[in-house]
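Have a look at the structure below before the remarks.
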Amino acid sequence: MNTRTVAFYTLGCKLNFSETSALGRQFEERGFAKVAFEQGADVYVINTCSVTDHADRKCRKVVQQALKHNPEAYVTIVGCYAQLKPREIAEIPGVHAVLGAAEKFRLAEILAETDFSKPAAGQPGQVFASPISEATEFHAAHSFGDRTRTFLKVQDGCDYSCSFCTIPLARGHSRSGSVRSVVERVQQLAATGVKEIVLTGVNLGDFGLQGAERQRLETFTDLVKELDNGSDIQRFRISSCEPNLLTDDIIRAVAASERFMPHFHIPLQSGSNKILGLMRRRYRRELYAERVALIKEVMPHACIGVDVIVGFPGETEADFRETYQFLNELPISYLHVFPYSERDNTLAPTLPGRVQDRVRHERTTQLRSLSEKKKRFFYEQHRGLETTVLFEDDLGPDGRMEGFTPNYIRVVANYDPLLVGELKQVRLTQINANGLMEAEELGFEVLTH
């Protein structure tokens, strides 16, 4: 009997990528062979996102491409968009099954028992999607084999009710595993040779809610301290943490650590307190500024990334200028800028003061330009410094290899297969035409611990 093959395509965040990897391992355990998307797999699994724009269009396009590679393929859809609009997705031509948040980790089990029969002509695909209230179990996941860095999911879901966000509707309440279970998984990854782990979650700082009753038994601070003291991983990064949950204890623990990198990604969304209120965010700009100031006080070379949404309903030109000026004055390193996009079943689209698409685009362009200036200034501050770089397996467009310093400066070097996945001592020299940092090696020994 021929081995059935499966291929994956992931839309969205690092969390989705870690979950796709977990699904891939489940399929391999059940005898499926994982193949490249373009190889024409028997089964295609498309992991969707509800945050990025045009979720429906992107999903349809990936389905079409899958069927071009194998018109007889069995196409399944999982992820946030699948939970939010399962019936709509099931109507897409070529889709055979849609699984919601409570069912997606049963996908390999379900497909192992199916006869792979297709819906009758004109009939929708099967839907396996319970109400989001039934998504109560925490499923650990991590990416592996795709990149030098491994993304480890330690938390899922969100109890917040930001007026623009569908994540609570797509992923359910906040929940996580235990500190002990995370440490055990980290040690397993360390034994495979992984050198850097990025901790991921929907609302990472809310780590600690466990069990059916979601009791807060531990905190994210507990996790950071335990991983720092009790693991063999050389580098940890915190993917993103809400400013109201990024406590002094967490910041100081990272500052004192040799394993946790001086790199923070802190969502802001707006520099206007008026807009933050409309967004139902749980902090104001003054707290955000305090978090940034403390980080820079205890880690002057720390990299700080920021998420910003522009064009939110009610955002006037004055509100946008307030955001721009606030960000311009903060010692941050880069921005991820998103034009506001309406989401069904959220409060924001009902608010007055809709901002025209053209204006959203103009404001996005201005902040992305500011981001480039911030990033270049941050890089310039580190020219001439000696540091370490973890080189990645991916090659850049010019055929050179890339890697990251502890504080997330992207460095390029001539390709050397011996450097892939290794830590190397370098001196940062200059920023090249592509905005990346050039470096020179300091000796020939690769760092090991």
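By order in the structure tokens, chains are A, B, ...; within a chain, residues start at 1; ligands start at 1, following the order shown.
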
Near range 180-183 of chain A, counting only C-alpha atoms, which residues have an atom at most 7 Å away, once you skip same-chain residues fewer than 5 positions from it, shown as an mmCIF file with C-alpha atoms, in the first residue's frame?
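New file result.cif:
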```cif
data_model
loop_
_atom_site.group_PDB
_atom_site.id
_atom_site.type_symbol
_atom_site.label_atom_id
_atom_site.label_comp_id
_atom_site.auth_asym_id
_atom_site.auth_seq_id
_atom_site.Cartn_x
_atom_site.Cartn_y
_atom_site.Cartn_z
ATOM 1 C CA VAL A 154 3.216 27.896 26.184
ATOM 2 C CA LEU A 227 13.729 28.359 32.396
ATOM 3 C CA SER A 231 17.328 24.360 31.222
#
```

Long-range neighbours of range 296-305 of chain A as a list in words, 6 Å cut-off, only C-alpha atoms, 4 positions minimum in chain: Pro262, His263, Phe264, His265, Ile332, Ser333, Tyr334, Leu335 and Asn407 of chain A

Saved selection, atoms kept: all heavy atoms, as a short mmCIF file (atom, residue, chain, number, x, y, z; two decimals), in the first residue's frame:
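Output file part-v2.cif follows:
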```cif
data_model
loop_
_atom_site.label_atom_id
_atom_site.label_comp_id
_atom_site.auth_asym_id
_atom_site.auth_seq_id
_atom_site.Cartn_x
_atom_site.Cartn_y
_atom_site.Cartn_z
N PRO A 262 18.00 40.21 25.40
CA PRO A 262 17.50 41.57 25.64
C PRO A 262 16.69 42.06 24.44
O PRO A 262 17.09 42.97 23.70
CB PRO A 262 18.79 42.38 25.84
CG PRO A 262 19.81 41.66 25.01
CD PRO A 262 19.46 40.19 25.14
N HIS A 263 15.56 41.44 24.25
CA HIS A 263 14.70 41.72 23.09
C HIS A 263 13.25 41.58 23.53
O HIS A 263 12.83 40.52 24.00
CB HIS A 263 15.02 40.72 21.97
CG HIS A 263 14.09 40.82 20.79
ND1 HIS A 263 13.80 39.73 19.99
CD2 HIS A 263 13.38 41.86 20.28
CE1 HIS A 263 12.94 40.11 19.05
NE2 HIS A 263 12.68 41.38 19.20
N PHE A 264 12.50 42.66 23.39
CA PHE A 264 11.09 42.68 23.79
C PHE A 264 10.24 43.14 22.61
O PHE A 264 10.64 44.03 21.85
CB PHE A 264 10.85 43.63 24.97
CG PHE A 264 11.55 43.23 26.23
CD1 PHE A 264 12.87 43.58 26.45
CD2 PHE A 264 10.89 42.48 27.19
CE1 PHE A 264 13.52 43.21 27.62
CE2 PHE A 264 11.53 42.10 28.36
CZ PHE A 264 12.85 42.47 28.57
N HIS A 265 9.08 42.52 22.48
CA HIS A 265 8.09 43.01 21.52
C HIS A 265 6.83 43.35 22.33
O HIS A 265 6.22 42.46 22.92
CB HIS A 265 7.79 41.98 20.44
CG HIS A 265 7.05 42.56 19.27
ND1 HIS A 265 7.70 43.14 18.19
CD2 HIS A 265 5.73 42.71 19.04
CE1 HIS A 265 6.80 43.60 17.34
NE2 HIS A 265 5.60 43.36 17.83
N ILE A 332 12.71 53.15 20.94
CA ILE A 332 12.33 51.83 20.44
C ILE A 332 13.16 51.51 19.20
O ILE A 332 13.85 52.37 18.65
CB ILE A 332 10.83 51.77 20.12
CG1 ILE A 332 10.45 52.86 19.13
CG2 ILE A 332 10.01 51.88 21.41
CD1 ILE A 332 9.04 52.83 18.65
N SER A 333 13.05 50.26 18.72
CA SER A 333 13.95 49.79 17.67
C SER A 333 13.28 49.54 16.32
O SER A 333 13.93 49.64 15.28
CB SER A 333 14.65 48.51 18.13
OG SER A 333 15.17 48.67 19.43
N TYR A 334 12.03 49.17 16.32
CA TYR A 334 11.31 48.93 15.07
C TYR A 334 9.82 48.89 15.36
O TYR A 334 9.39 48.74 16.51
CB TYR A 334 11.76 47.63 14.39
CG TYR A 334 11.45 46.37 15.16
CD1 TYR A 334 10.24 45.70 15.01
CD2 TYR A 334 12.39 45.84 16.06
CE1 TYR A 334 9.96 44.55 15.74
CE2 TYR A 334 12.12 44.69 16.78
CZ TYR A 334 10.90 44.05 16.62
OH TYR A 334 10.63 42.91 17.33
N LEU A 335 9.01 49.01 14.29
CA LEU A 335 7.55 48.98 14.41
C LEU A 335 6.98 47.91 13.48
O LEU A 335 7.49 47.70 12.38
CB LEU A 335 6.95 50.33 14.00
CG LEU A 335 7.42 51.59 14.73
CD1 LEU A 335 6.87 52.82 14.02
CD2 LEU A 335 6.95 51.56 16.17
N ASN A 407 20.39 40.96 20.80
CA ASN A 407 19.38 42.03 20.76
C ASN A 407 18.80 42.22 19.36
O ASN A 407 18.39 43.31 18.98
CB ASN A 407 19.94 43.33 21.32
CG ASN A 407 21.14 43.84 20.55
OD1 ASN A 407 21.75 43.10 19.78
ND2 ASN A 407 21.51 45.09 20.77
#
```

For Gly100 in chain A, work out the shell of residues within 9 Å, counting only C-alpha atoms and skipping chain neighbours fewer than 6 positions away, then give it as a PDB file with all heavy atoms, in the first residue's frame.
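And here's out-v1.pdb as it stands now:
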```pdb
ATOM      1  N   ILE A  77      -9.194  22.575   6.250  1.00  0.00           N
ATOM      2  CA  ILE A  77      -8.920  23.926   6.736  1.00  0.00           C
ATOM      3  C   ILE A  77      -9.027  23.935   8.256  1.00  0.00           C
ATOM      4  O   ILE A  77     -10.024  23.455   8.816  1.00  0.00           O
ATOM      5  CB  ILE A  77      -9.899  24.965   6.153  1.00  0.00           C
ATOM      6  CG1 ILE A  77     -10.071  24.774   4.640  1.00  0.00           C
ATOM      7  CG2 ILE A  77      -9.439  26.387   6.486  1.00  0.00           C
ATOM      8  CD1 ILE A  77      -8.850  25.034   3.814  1.00  0.00           C
ATOM      9  N   VAL A  78      -8.005  24.490   8.921  1.00  0.00           N
ATOM     10  CA  VAL A  78      -8.033  24.651  10.375  1.00  0.00           C
ATOM     11  C   VAL A  78      -7.624  26.095  10.701  1.00  0.00           C
ATOM     12  O   VAL A  78      -7.387  26.895   9.813  1.00  0.00           O
ATOM     13  CB  VAL A  78      -7.060  23.655  11.075  1.00  0.00           C
ATOM     14  CG1 VAL A  78      -7.451  22.223  10.787  1.00  0.00           C
ATOM     15  CG2 VAL A  78      -5.614  23.914  10.660  1.00  0.00           C
ATOM     16  N   GLY A  79      -7.554  26.415  11.985  1.00  0.00           N
ATOM     17  CA  GLY A  79      -7.077  27.732  12.388  1.00  0.00           C
ATOM     18  C   GLY A  79      -8.184  28.695  12.766  1.00  0.00           C
ATOM     19  O   GLY A  79      -9.373  28.348  12.796  1.00  0.00           O
ATOM     20  N   CYS A  80      -7.778  29.933  13.054  1.00  0.00           N
ATOM     21  CA  CYS A  80      -8.709  30.935  13.591  1.00  0.00           C
ATOM     22  C   CYS A  80      -9.875  31.220  12.651  1.00  0.00           C
ATOM     23  O   CYS A  80     -11.024  31.322  13.075  1.00  0.00           O
ATOM     24  CB  CYS A  80      -7.955  32.223  13.915  1.00  0.00           C
ATOM     25  SG  CYS A  80      -6.793  32.055  15.292  1.00  0.00           S
ATOM     26  N   TYR A  81      -9.570  31.388  11.372  1.00  0.00           N
ATOM     27  CA  TYR A  81     -10.633  31.687  10.413  1.00  0.00           C
ATOM     28  C   TYR A  81     -11.610  30.515  10.312  1.00  0.00           C
ATOM     29  O   TYR A  81     -12.823  30.701  10.137  1.00  0.00           O
ATOM     30  CB  TYR A  81     -10.015  32.008   9.053  1.00  0.00           C
ATOM     31  CG  TYR A  81     -10.989  32.504   8.018  1.00  0.00           C
ATOM     32  CD1 TYR A  81     -11.874  33.545   8.303  1.00  0.00           C
ATOM     33  CD2 TYR A  81     -11.023  31.957   6.741  1.00  0.00           C
ATOM     34  CE1 TYR A  81     -12.769  33.996   7.354  1.00  0.00           C
ATOM     35  CE2 TYR A  81     -11.911  32.412   5.783  1.00  0.00           C
ATOM     36  CZ  TYR A  81     -12.779  33.433   6.095  1.00  0.00           C
ATOM     37  OH  TYR A  81     -13.674  33.882   5.151  1.00  0.00           O
ATOM     38  N   ALA A  82     -11.090  29.297  10.447  1.00  0.00           N
ATOM     39  CA  ALA A  82     -11.950  28.110  10.393  1.00  0.00           C
ATOM     40  C   ALA A  82     -12.921  28.083  11.563  1.00  0.00           C
ATOM     41  O   ALA A  82     -14.052  27.602  11.427  1.00  0.00           O
ATOM     42  CB  ALA A  82     -11.095  26.852  10.376  1.00  0.00           C
ATOM     43  N   GLN A  83     -12.499  28.563  12.738  1.00  0.00           N
ATOM     44  CA  GLN A  83     -13.394  28.610  13.887  1.00  0.00           C
ATOM     45  C   GLN A  83     -14.453  29.690  13.713  1.00  0.00           C
ATOM     46  O   GLN A  83     -15.617  29.499  14.066  1.00  0.00           O
ATOM     47  CB  GLN A  83     -12.600  28.874  15.173  1.00  0.00           C
ATOM     48  CG  GLN A  83     -13.464  29.054  16.417  1.00  0.00           C
ATOM     49  CD  GLN A  83     -14.238  27.801  16.793  1.00  0.00           C
ATOM     50  OE1 GLN A  83     -13.713  26.697  16.693  1.00  0.00           O
ATOM     51  NE2 GLN A  83     -15.482  27.956  17.243  1.00  0.00           N
ATOM     52  N   LEU A  84     -14.056  30.824  13.138  1.00  0.00           N
ATOM     53  CA  LEU A  84     -14.975  31.962  13.027  1.00  0.00           C
ATOM     54  C   LEU A  84     -16.033  31.770  11.940  1.00  0.00           C
ATOM     55  O   LEU A  84     -17.186  32.140  12.126  1.00  0.00           O
ATOM     56  CB  LEU A  84     -14.182  33.247  12.748  1.00  0.00           C
ATOM     57  CG  LEU A  84     -13.288  33.744  13.889  1.00  0.00           C
ATOM     58  CD1 LEU A  84     -12.465  34.924  13.417  1.00  0.00           C
ATOM     59  CD2 LEU A  84     -14.129  34.127  15.102  1.00  0.00           C
ATOM     60  N   PRO A  86     -16.781  28.637   9.793  1.00  0.00           N
ATOM     61  CA  PRO A  86     -16.635  27.286   9.244  1.00  0.00           C
ATOM     62  C   PRO A  86     -17.575  26.982   8.086  1.00  0.00           C
ATOM     63  O   PRO A  86     -17.176  26.339   7.111  1.00  0.00           O
ATOM     64  CB  PRO A  86     -16.914  26.389  10.451  1.00  0.00           C
ATOM     65  CG  PRO A  86     -17.745  27.230  11.372  1.00  0.00           C
ATOM     66  CD  PRO A  86     -17.244  28.630  11.192  1.00  0.00           C
ATOM     67  N   VAL A 127     -18.067  19.859   8.280  1.00  0.00           N
ATOM     68  CA  VAL A 127     -17.670  20.826   9.305  1.00  0.00           C
ATOM     69  C   VAL A 127     -17.576  20.120  10.647  1.00  0.00           C
ATOM     70  O   VAL A 127     -18.524  19.465  11.090  1.00  0.00           O
ATOM     71  CB  VAL A 127     -18.669  21.995   9.381  1.00  0.00           C
ATOM     72  CG1 VAL A 127     -18.352  22.889  10.576  1.00  0.00           C
ATOM     73  CG2 VAL A 127     -18.645  22.805   8.091  1.00  0.00           C
ATOM     74  N   PHE A 128     -16.408  20.241  11.273  1.00  0.00           N
ATOM     75  CA  PHE A 128     -16.204  19.755  12.640  1.00  0.00           C
ATOM     76  C   PHE A 128     -15.825  20.984  13.472  1.00  0.00           C
ATOM     77  O   PHE A 128     -14.643  21.309  13.604  1.00  0.00           O
ATOM     78  CB  PHE A 128     -15.078  18.723  12.699  1.00  0.00           C
ATOM     79  CG  PHE A 128     -15.252  17.554  11.762  1.00  0.00           C
ATOM     80  CD1 PHE A 128     -14.791  17.617  10.461  1.00  0.00           C
ATOM     81  CD2 PHE A 128     -15.871  16.390  12.193  1.00  0.00           C
ATOM     82  CE1 PHE A 128     -14.938  16.534   9.603  1.00  0.00           C
ATOM     83  CE2 PHE A 128     -16.024  15.308  11.348  1.00  0.00           C
ATOM     84  CZ  PHE A 128     -15.567  15.375  10.044  1.00  0.00           C
ATOM     85  N   ALA A 129     -16.802  21.687  13.978  1.00  0.00           N
ATOM     86  CA  ALA A 129     -16.517  22.941  14.695  1.00  0.00           C
ATOM     87  C   ALA A 129     -17.509  23.119  15.832  1.00  0.00           C
ATOM     88  O   ALA A 129     -18.671  23.467  15.617  1.00  0.00           O
ATOM     89  CB  ALA A 129     -16.581  24.133  13.741  1.00  0.00           C
ATOM     90  N   SER A 130     -17.040  22.914  17.038  1.00  0.00           N
ATOM     91  CA  SER A 130     -17.857  23.132  18.231  1.00  0.00           C
ATOM     92  C   SER A 130     -17.852  24.615  18.594  1.00  0.00           C
ATOM     93  O   SER A 130     -16.997  25.380  18.133  1.00  0.00           O
ATOM     94  CB  SER A 130     -17.289  22.331  19.408  1.00  0.00           C
ATOM     95  OG  SER A 130     -17.177  20.971  19.086  1.00  0.00           O
ATOM     96  N   PRO A 131     -18.779  25.058  19.440  1.00  0.00           N
ATOM     97  CA  PRO A 131     -18.710  26.426  19.961  1.00  0.00           C
ATOM     98  C   PRO A 131     -17.365  26.661  20.640  1.00  0.00           C
ATOM     99  O   PRO A 131     -16.784  25.750  21.229  1.00  0.00           O
ATOM    100  CB  PRO A 131     -19.864  26.485  20.962  1.00  0.00           C
ATOM    101  CG  PRO A 131     -20.813  25.423  20.510  1.00  0.00           C
ATOM    102  CD  PRO A 131     -19.966  24.331  19.941  1.00  0.00           C
ATOM    103  N   ILE A 132     -16.873  27.881  20.568  1.00  0.00           N
ATOM    104  CA  ILE A 132     -15.545  28.182  21.102  1.00  0.00           C
ATOM    105  C   ILE A 132     -15.466  27.909  22.600  1.00  0.00           C
ATOM    106  O   ILE A 132     -14.377  27.657  23.137  1.00  0.00           O
ATOM    107  CB  ILE A 132     -15.150  29.638  20.781  1.00  0.00           C
ATOM    108  CG1 ILE A 132     -13.644  29.847  21.032  1.00  0.00           C
ATOM    109  CG2 ILE A 132     -15.993  30.625  21.555  1.00  0.00           C
ATOM    110  CD1 ILE A 132     -12.744  28.953  20.238  1.00  0.00           C
ATOM    111  N   ALA A 135     -13.472  24.885  23.564  1.00  0.00           N
ATOM    112  CA  ALA A 135     -12.015  24.852  23.388  1.00  0.00           C
ATOM    113  C   ALA A 135     -11.369  25.197  24.719  1.00  0.00           C
ATOM    114  O   ALA A 135     -10.958  26.327  24.969  1.00  0.00           O
ATOM    115  CB  ALA A 135     -11.577  25.822  22.302  1.00  0.00           C
ATOM    116  N   ALA A 170     -11.972  33.176  18.305  1.00  0.00           N
ATOM    117  CA  ALA A 170     -11.357  32.133  17.487  1.00  0.00           C
ATOM    118  C   ALA A 170     -10.577  31.121  18.304  1.00  0.00           C
ATOM    119  O   ALA A 170     -10.431  29.967  17.889  1.00  0.00           O
ATOM    120  CB  ALA A 170     -10.418  32.772  16.458  1.00  0.00           C
TER     121      ALA A 170
END
```

d(CA of Ser257 in chain A, CA of Asp228 in chain A) in Å: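 Calculated distance between CA of Ser257 in chain A and CA of Asp228 in chain A is 6.6 Å.
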
Surrounding residues of Gln123 in chain A excluding itself and chain neighbours under 6 positions, 10 Å, only C-alpha atoms, as an MDAnalysis selection string: chainID A and resid 90:93 96

Next, the residues of the selection above should be written as a PDB file, in the first residue's frame with C-alpha atoms.
```pdb
ATOM      1  CA  ALA A  90     -16.962  24.722   3.736  1.00  0.00           C
ATOM      2  CA  GLU A  91     -18.647  26.297   0.696  1.00  0.00           C
ATOM      3  CA  ILE A  92     -15.294  27.037  -0.995  1.00  0.00           C
ATOM      4  CA  PRO A  93     -14.984  24.699  -4.003  1.00  0.00           C
ATOM      5  CA  HIS A  96     -13.522  18.751   2.047  1.00  0.00           C
TER       6      HIS A  96
END
```
